[in-house]
Every structure is written in C-alpha cells, then in structure tokens.
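Everything below belongs to my_file_21.csv, which stores CSV, C-alpha atoms.
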chain,number,residue,atom,x,y,z
G,1,MET,CA,-14.3,8.1,10.3
G,2,ALA,CA,-14.3,5.7,7.4
G,3,GLY,CA,-14.0,8.7,4.9
G,4,ASN,CA,-11.0,10.1,6.8
G,5,ALA,CA,-9.4,6.7,6.8
G,6,TRP,CA,-9.9,6.4,3.1
G,7,ALA,CA,-8.5,9.8,2.4
G,8,ARG,CA,-5.5,9.1,4.6
G,9,THR,CA,-4.8,5.9,2.8
G,10,VAL,CA,-4.9,7.5,-0.6
G,11,ARG,CA,-2.6,10.4,0.5
G,12,GLU,CA,-0.1,7.9,1.8
G,13,GLN,CA,-0.2,5.9,-1.5
G,14,LEU,CA,0.4,9.1,-3.5
G,15,GLY,CA,3.2,10.3,-1.1
G,16,ILE,CA,1.4,13.4,0.0
G,17,GLY,CA,1.7,12.6,3.7
G,18,ARG,CA,-0.1,14.3,6.5
G,19,VAL,CA,-2.1,17.5,6.1
G,20,LEU,CA,-0.3,19.9,8.5
G,21,PRO,CA,-1.6,23.1,10.0
G,22,LEU,CA,-0.2,26.5,8.9
G,23,GLY,CA,-0.3,29.2,11.4
G,24,GLY,CA,-2.7,29.0,14.4
G,25,PRO,CA,-6.3,28.1,15.1
G,26,ALA,CA,-7.7,31.3,13.5
G,27,ASP,CA,-5.8,31.0,10.2
G,28,GLY,CA,-7.8,28.3,8.5
G,29,ALA,CA,-4.7,27.1,6.6
G,30,TRP,CA,-3.0,23.8,6.0
G,31,ILE,CA,-0.2,22.4,3.9
G,32,THR,CA,0.6,18.9,2.7
G,33,GLU,CA,3.6,17.3,4.4
G,34,ARG,CA,5.1,16.7,1.0
G,35,ALA,CA,5.1,20.4,0.2
G,36,ALA,CA,6.5,21.4,3.6
G,37,ARG,CA,9.2,18.7,3.5
G,38,ALA,CA,10.4,19.7,0.0
G,39,ALA,CA,10.8,23.3,1.2
G,40,LEU,CA,12.7,22.2,4.4
G,41,LEU,CA,15.0,20.0,2.5
G,42,ARG,CA,16.2,23.0,0.5
G,43,ALA,CA,16.4,25.2,3.6
G,44,PRO,CA,18.9,28.1,3.1
G,45,GLY,CA,21.6,28.1,5.8
G,46,THR,CA,22.0,24.3,5.8
G,47,PRO,CA,25.7,23.8,6.7
G,48,PRO,CA,28.0,22.8,3.7
G,49,GLY,CA,28.5,19.1,3.7
G,50,VAL,CA,25.4,18.3,5.7
G,51,ARG,CA,23.0,16.0,3.9
G,52,LEU,CA,19.4,15.5,5.1
G,53,ALA,CA,18.5,11.8,4.6
G,54,ASP,CA,15.0,11.9,6.1
G,55,LEU,CA,12.7,14.4,7.5
G,56,ARG,CA,9.3,14.0,9.1
G,57,LEU,CA,6.7,16.4,10.6
G,58,SER,CA,4.0,15.7,13.2
G,59,LEU,CA,2.1,17.3,16.0
G,60,ALA,CA,4.3,18.0,19.0
G,61,ALA,CA,1.4,17.5,21.5
G,62,PRO,CA,-1.5,15.9,19.7
G,63,ASP,CA,-3.7,15.7,22.8
G,64,ASP,CA,-3.3,19.5,23.4
G,65,ALA,CA,-3.9,20.7,19.9
G,66,PRO,CA,-6.8,23.3,19.8
G,67,ALA,CA,-9.7,23.2,17.4
G,68,PRO,CA,-9.6,25.3,14.3
G,69,ALA,CA,-11.9,28.2,13.8
G,70,VAL,CA,-13.1,26.8,10.4
G,71,GLN,CA,-13.8,23.3,9.1
G,72,ARG,CA,-10.5,21.6,8.3
G,73,PRO,CA,-9.8,19.5,5.2
G,74,PRO,CA,-10.6,15.8,5.4
G,75,SER,CA,-8.4,14.1,8.1
G,76,ALA,CA,-6.2,17.3,8.4
G,77,LEU,CA,-4.3,17.7,11.7
G,78,PRO,CA,-5.6,20.3,14.2
G,79,PRO,CA,-3.6,23.6,14.4
G,80,GLY,CA,-1.2,22.7,17.2
G,81,PRO,CA,2.6,23.3,17.2
G,82,LEU,CA,4.7,20.8,15.2
G,83,ARG,CA,7.7,18.7,15.7
G,84,ILE,CA,10.4,18.3,13.0
G,85,ALA,CA,12.4,15.0,13.2
G,86,ALA,CA,15.3,14.7,10.8
G,87,ASP,CA,18.2,12.3,10.1
G,88,PHE,CA,21.4,13.7,8.5
G,89,THR,CA,24.9,12.9,7.5
G,90,ALA,CA,27.8,15.2,8.4
G,91,PRO,CA,31.3,15.7,7.2
G,92,SER,CA,33.9,14.1,9.5
G,93,GLY,CA,36.3,16.3,11.4
G,94,ARG,CA,33.6,19.0,12.1
G,95,PRO,CA,32.1,19.6,15.6
G,96,LEU,CA,28.7,17.9,15.5
G,97,PRO,CA,27.0,20.1,18.1
G,98,ALA,CA,27.8,23.2,16.1
G,99,LEU,CA,26.6,21.6,12.9
G,100,ALA,CA,23.4,20.5,14.5
G,101,THR,CA,22.8,23.9,15.9
G,102,ARG,CA,23.2,25.5,12.5
G,103,LEU,CA,21.0,22.9,10.9
G,104,ARG,CA,18.3,23.4,13.5
G,105,THR,CA,18.3,27.1,13.0
G,106,ALA,CA,18.1,26.7,9.2
G,107,LEU,CA,15.1,24.3,9.5
G,108,LEU,CA,13.3,26.6,12.1
G,109,THR,CA,13.8,29.7,10.0
G,110,THR,CA,12.5,28.1,6.9
G,111,ALA,CA,9.5,26.5,8.7
G,112,GLU,CA,8.4,29.6,10.5
G,113,ASP,CA,9.6,32.5,8.4
G,114,GLY,CA,9.6,30.8,5.1
G,115,LEU,CA,6.4,28.8,5.3
G,116,GLY,CA,4.4,29.9,8.4
G,117,LEU,CA,4.5,26.6,10.3
G,118,ARG,CA,4.5,26.8,14.1
G,119,VAL,CA,7.3,24.5,15.4
G,120,SER,CA,8.0,23.8,19.0
G,121,ALA,CA,10.7,21.1,18.6
G,122,VAL,CA,13.4,20.0,16.2
G,123,ASP,CA,14.9,16.5,16.8
G,124,LEU,CA,18.1,15.8,14.9
G,125,ARG,CA,20.0,12.5,14.6
G,126,VAL,CA,23.4,12.0,12.9
G,127,THR,CA,23.3,8.7,10.9
G,128,ASP,CA,26.7,8.8,9.2
G,129,LEU,CA,29.9,10.7,8.9
G,130,LEU,CA,31.2,11.5,5.4
G,131,ASP,CA,34.9,11.3,4.6
G,132,GLY,CA,34.9,13.7,1.8
G,133,THR,CA,34.7,11.1,-1.0
G,134,ASP,CA,31.0,11.6,-1.9
G,135,GLY,CA,31.8,13.6,-5.0
G,136,GLY,CA,31.7,16.9,-3.3
G,137,ARG,CA,28.0,17.2,-3.2
G,138,ASN,CA,26.8,19.4,-0.3
G,139,GLY,CA,23.5,20.3,1.0
G,140,PRO,CA,20.2,18.4,1.5
G,141,LEU,CA,19.2,15.6,-0.7
G,142,GLU,CA,15.7,14.2,-1.2
G,143,GLY,CA,15.1,10.5,-1.2
G,144,PRO,CA,13.0,8.9,-3.9
G,145,ARG,CA,9.9,10.9,-4.6
G,146,ASN,CA,6.6,9.9,-6.2
G,147,GLY,CA,4.1,12.3,-7.5
G,148,PRO,CA,4.5,15.8,-9.2
G,149,ARG,CA,7.5,18.1,-9.0
G,150,ASP,CA,7.4,21.1,-6.7
G,151,GLY,CA,4.8,23.6,-8.1
G,152,GLU,CA,3.3,21.1,-10.5
G,153,ALA,CA,-0.3,20.0,-10.1
G,154,PRO,CA,-0.8,16.3,-9.4
G,155,GLY,CA,-1.2,14.4,-12.6
G,156,GLY,CA,0.6,17.2,-14.5
G,157,GLU,CA,-2.7,18.8,-15.5
G,158,ASP,CA,-3.6,22.5,-15.4
G,159,THR,CA,-6.4,22.5,-12.8
G,160,ALA,CA,-7.0,26.2,-12.7
G,161,ARG,CA,-10.3,25.8,-14.5
G,162,GLU,CA,-11.9,23.1,-12.4
G,163,GLY,CA,-15.4,23.9,-11.4
G,164,ALA,CA,-18.0,22.4,-9.1
G,165,GLY,CA,-18.6,18.8,-8.4
G,166,PRO,CA,-21.2,16.7,-10.3
G,167,GLY,CA,-24.5,18.5,-10.3
G,168,GLY,CA,-23.0,21.7,-8.8
G,169,ASP,CA,-23.2,25.3,-10.1
G,170,GLU,CA,-20.2,25.8,-12.4
G,171,ARG,CA,-20.4,29.6,-12.3
G,172,GLU,CA,-19.9,30.1,-8.6
G,173,PRO,CA,-16.7,28.0,-8.3
G,174,ALA,CA,-15.4,29.7,-11.4
G,175,ASP,CA,-15.9,33.1,-9.8
G,176,LEU,CA,-14.2,31.9,-6.6
G,177,ALA,CA,-11.4,30.5,-8.6
G,178,ALA,CA,-10.9,33.9,-10.4
G,179,ARG,CA,-10.7,35.6,-7.0
G,180,VAL,CA,-8.1,33.1,-5.8
G,181,LEU,CA,-5.9,33.4,-8.9
G,182,ALA,CA,-6.0,37.2,-8.5
G,183,VAL,CA,-4.3,37.0,-5.1
G,184,PRO,CA,-0.5,37.8,-5.2
G,185,GLY,CA,1.5,34.6,-4.4
G,186,VAL,CA,-1.0,32.1,-5.9
G,187,ALA,CA,0.7,30.2,-8.7
G,188,ARG,CA,-2.2,28.0,-9.6
G,189,LEU,CA,-5.1,26.0,-8.3
G,190,ALA,CA,-4.0,22.4,-7.7
G,191,PRO,CA,-5.9,19.7,-5.8
G,192,ALA,CA,-3.9,17.4,-3.6
G,193,LEU,CA,-5.5,14.2,-5.0
G,194,ALA,CA,-5.8,14.3,-8.8
G,195,GLY,CA,-9.1,12.9,-9.8
G,196,CYS,CA,-10.3,12.6,-6.2
G,197,SER,CA,-10.9,16.2,-5.3
G,198,ARG,CA,-11.3,19.6,-7.0
G,199,PRO,CA,-9.4,22.8,-6.2
G,200,VAL,CA,-12.5,24.8,-5.3
G,201,THR,CA,-15.1,22.9,-3.3
G,202,ARG,CA,-18.0,24.6,-1.7
G,203,THR,CA,-20.2,22.9,0.9
G,204,GLY,CA,-23.0,25.1,2.1
G,205,GLY,CA,-21.4,28.3,3.5
G,206,HIS,CA,-17.9,26.9,3.6
G,207,VAL,CA,-15.3,26.6,0.8
G,208,LEU,CA,-12.0,24.6,0.5
G,209,ILE,CA,-9.4,26.0,-1.8
G,210,GLN,CA,-6.4,23.9,-2.8
G,211,LEU,CA,-3.5,25.7,-4.5
G,212,THR,CA,0.2,26.1,-5.2
G,213,THR,CA,2.1,29.1,-3.9
G,214,ALA,CA,4.5,31.1,-6.0
G,215,ALA,CA,8.2,31.3,-5.2
G,216,GLY,CA,9.1,34.2,-2.9
G,217,HIS,CA,5.7,34.2,-1.1
G,218,ARG,CA,5.1,32.9,2.4
G,219,PRO,CA,2.4,30.3,2.1
G,220,LEU,CA,0.7,31.3,5.4
G,221,ASP,CA,0.4,34.9,4.2
G,222,VAL,CA,-1.0,33.8,0.8
G,223,ALA,CA,-3.5,31.6,2.5
G,224,ARG,CA,-4.7,34.4,4.7
G,225,ALA,CA,-5.1,36.7,1.7
G,226,VAL,CA,-7.0,34.0,-0.2
G,227,ARG,CA,-9.4,33.5,2.7
G,228,ARG,CA,-10.1,37.3,2.8
G,229,ALA,CA,-10.7,37.3,-1.0
G,230,VAL,CA,-13.3,34.6,-1.1
G,231,THR,CA,-15.3,35.2,2.0
G,232,GLY,CA,-17.9,37.8,2.8
G,233,PRO,CA,-21.7,38.3,3.1
G,234,PRO,CA,-24.0,35.9,1.3
G,235,PRO,CA,-24.0,34.7,-1.4
G,236,ALA,CA,-20.2,34.5,-0.8
G,237,PRO,CA,-19.0,31.7,1.5
G,238,GLU,CA,-19.1,32.6,5.1
G,239,SER,CA,-15.9,30.6,5.8
G,240,ALA,CA,-12.9,29.3,3.9
G,241,ALA,CA,-10.0,26.9,4.4
G,242,VAL,CA,-6.9,26.8,2.3
G,243,LEU,CA,-4.8,23.8,1.6
G,244,VAL,CA,-1.3,24.5,0.1
G,245,THR,CA,-0.4,21.5,-2.0
G,246,ALA,CA,3.0,22.7,-3.3
G,247,VAL,CA,5.4,25.5,-2.8
G,248,ALA,CA,7.2,26.6,-6.0
G,249,SER,CA,11.0,27.1,-5.7
G,250,ASP,CA,13.1,29.9,-7.2

Serialized structure, structure tokens:
Amino acid sequence: MAGNAWARTVREQLGIGRVLPLGGPADGAWITERAARAALLRAPGTPPGVRLADLRLSLAAPDDAPAPAVQRPPSALPPGPLRIAADFTAPSGRPLPALATRLRTALLTTAEDGLGLRVSAVDLRVTDLLDGTDGGRNGPLEGPRNGPRDGEAPGGEDTAREGAGPGGDEREPADLAARVLAVPGVARLAPALAGCSRPVTRTGGHVLIQLTTAAGHRPLDVARAVRRAVTGPPPAPESAAVLVTAVASD
C-alpha cells in the first residue's frame, strides 16, 4: 500500500496521471493518462472551432472493475471501462447539441479505434462560447504540460539500452529488449518514471515492459504483439504486462 501511494505521488508530480487499462482483463496492457490525453486532445473529427480546455479519464465503475489476467504495474487501475470527462469552448451561433455529438464521436473513435481504450461514457461540458475573435485558431488545445513531448522518453534520454536492476542479469533484459524493439509499432523503450524505473523489469516469471508506440499503430495491438514476443516456456517469462508511456504523433 505504501509503495503504491509513493508511486502515485511521483506520477502526479511528474504529470503522468493515472495508469489506465488498455483493452480488457486478458490483454495485460496499460497506458499513462498523459499519453492517452495527448492523443485524445488531437482527435481527428473534432469540430472546427471547438477547443478542448480540459480532459480527464477515470474508471466508469471502479467497484465493478474485473481483475487482470496478469500482474498490473504499480498502482495501475484494473481493466474496467473508462469514463472521459471533458470541458470545451465552442463557437457562438452553432447548435451546441450537434457540436457535442460530433465531439463525443471524435473522442470515442480515437479512444477505442485509435488507442484501444474501452470507454462506456463521455461527459462533456461547455465552459465558454467564442465570438470568433480568438485569432482563428481551431481544434483542441492542451493546457500547460510538464514532462517530455509526445514520443520522447522522460528525461530526454534514449532508454532503449536499459538493462536489469542492481544486481540483476544484464543479458536477459537486453535479450527481451531486443525482442520488444523488433515488434512493429514499437518506437522505443521508455520508462514512465525517469530514474525510478527501467523499461524492462523482470520479477520471477513476470516482466513489465514500458514503451512508446510509433505513429500509425494502435497501442493495444502493439502491446498484444509485444506480450506474445517476450513470453513463452522457461527460461522466457511466463507472463508480461505492457505500459505505453507515450504515443507518437504523425
């Protein structure tokens, strides 16, 4: 419990947010809220003139979320359906219900088809009406952001060559890392907490892989392929979990 609280505090300080489930209980995949939020803020199909001011993701029904089939990352949420809550500003003189419907569709399509998130609810709130004097900027805008840019490893370092923890066997994680990097759609290995975790961490028969996905690849599909690539009969890990820490944009 204390370890999970510490990890949650560090993530909040670095702006990583929650660790959200990708797919369902059998998929063994998660994504940082920061990575998911960045992708949703640039969702294709967002109506012109609509500007997303805030966006949050959480479990839609925390008490009903099932247990994952594999060990989840520290303090990660269980694999239940998610709720998206977003505030937005809209151009004046446009029917708000129609704009909200289009925005909801854009967010759902990006979340489910673009990322692999399971979403059961999208709550939208209009916070302001624009009068057309905002300089003509359309589309979603992110607020202030701390931490690395999309697709960049925390700390700006190339983490693809990280090995085992202190006292571990460097050869085995290096082999696992090579398998991961050979999977189409993997841009690089990138831990969520620079200096606090490694991109390939094996504990007994389980391994946690942290990575950035390449543009044009659905993170859930990449995570599934990575799990297949690194697991197998001993001495390979028996189970694997994947944490997507960033989603590269085009």

- Query: Smallest atom-to-atom distance to Leu40 of chain G: which of G:Val222, G:Leu96, G:Val247, G:Leu77, using only C-alpha atoms?
  - Reply: G:Val247

- Message: Give me the residues near Leu115 of chain G as a PyMOL selection string, where near means some atom within 6 Å (using only C-alpha atoms) and where sequence neighbours in that chain fewer than 2 positions away do not count.
- Response: chain G and resi 111-113+117+218-219

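We find atom CA of Ala65 of chain G and atom CA of Thr101 of chain G to be spaced 27.2 Å apart.
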
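Here atom CA of Thr32 of chain G stands at a distance of 25.5 Å from atom CA of Thr89 of chain G.
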
- Query: Using only C-alpha atoms, which of the listed residues (G:Ile31, G:Leu99, G:Ala177, G:Val186) sits closest to Arg72 of chain G?
  - Reply: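 The answer is G:Ile31, which sits nearest to Arg72 of chain G.
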
- Task: Please measure the separation of atom CA of Pro73 of chain G and atom CA of Ala60 of chain G, giving the value in Å to one decimal.
- Result: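 Between these atoms lies a distance of 19.8 Å.
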
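Shell of Ala182 of chain G at 12 Å, with only C-alpha atoms counted and residues fewer than 4 places along the chain excluded, is Ala160, Asp175, Leu176, Ala177, Ala178, Val186, Ala187, Arg188, Leu189, Val222, Ala225, Val226, Ala229 and Val230 of chain G.
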
- Message: I'd like to know which of G:Pro233, G:Gly114, G:Pro74, G:Pro66 is closest to Ser197 of chain G, using all atoms listed in the file.
- Response: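 Ranking G:Pro233, G:Gly114, G:Pro74, G:Pro66 by distance to Ser197 of chain G, first place goes to G:Pro74.
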
- Tell me which protein, DNA and RNA residues are within 10 Å of Gln71 of chain G, counting only C-alpha atoms, leaving out same-chain ones fewer than 2 positions away, and put them as a list of chain:residue names.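 Using only C-alpha atoms, the neighbours found are G:Gly28, G:Ala67, G:Pro68, G:Ala69, G:Pro73, G:Pro74, G:Ala76, G:His206, G:Val207, G:Leu208, G:Ser239, G:Ala240, G:Ala241.
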
- Item | Nearest to Val119 of chain G, chosen from G:Pro91, G:Pro25, G:Pro81, G:Gly216, with all atoms listed in the file counted in the distances |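 Between G:Pro91, G:Pro25, G:Pro81, G:Gly216, the residue approaching Val119 of chain G most closely is G:Pro81.
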
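Near (36.2, 13.5, 5.8), the residues inside the 6 Å limit, counting only C-alpha atoms, come to Pro91, Ser92, Leu130, Asp131 and Gly132 of chain G.
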
- Task: Find the residue from G:Pro79, G:Arg51, G:Pro97, G:Arg125 that sits nearest to Asp63 of chain G; use only C-alpha atoms when measuring.
- Result: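 Looking only at the distances to Asp63 of chain G, the closest residue turns out to be G:Pro79.
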
- Message: Would you pick out the contacts of Ser249 of chain G at 12 Å or less, using only C-alpha atoms, so that residues sharing its chain but fewer than 5 positions from it are not included, and give the list as number ranges by chain?
- Response: G: 35-36, 38-44, 114, 149-152, 187, 212-218

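For the residues G:Ile209, G:Leu220, G:Val244, G:Val200, ranking by smallest atom-to-atom distance to Gly24 of chain G using all atoms listed in the file places G:Leu220 first.
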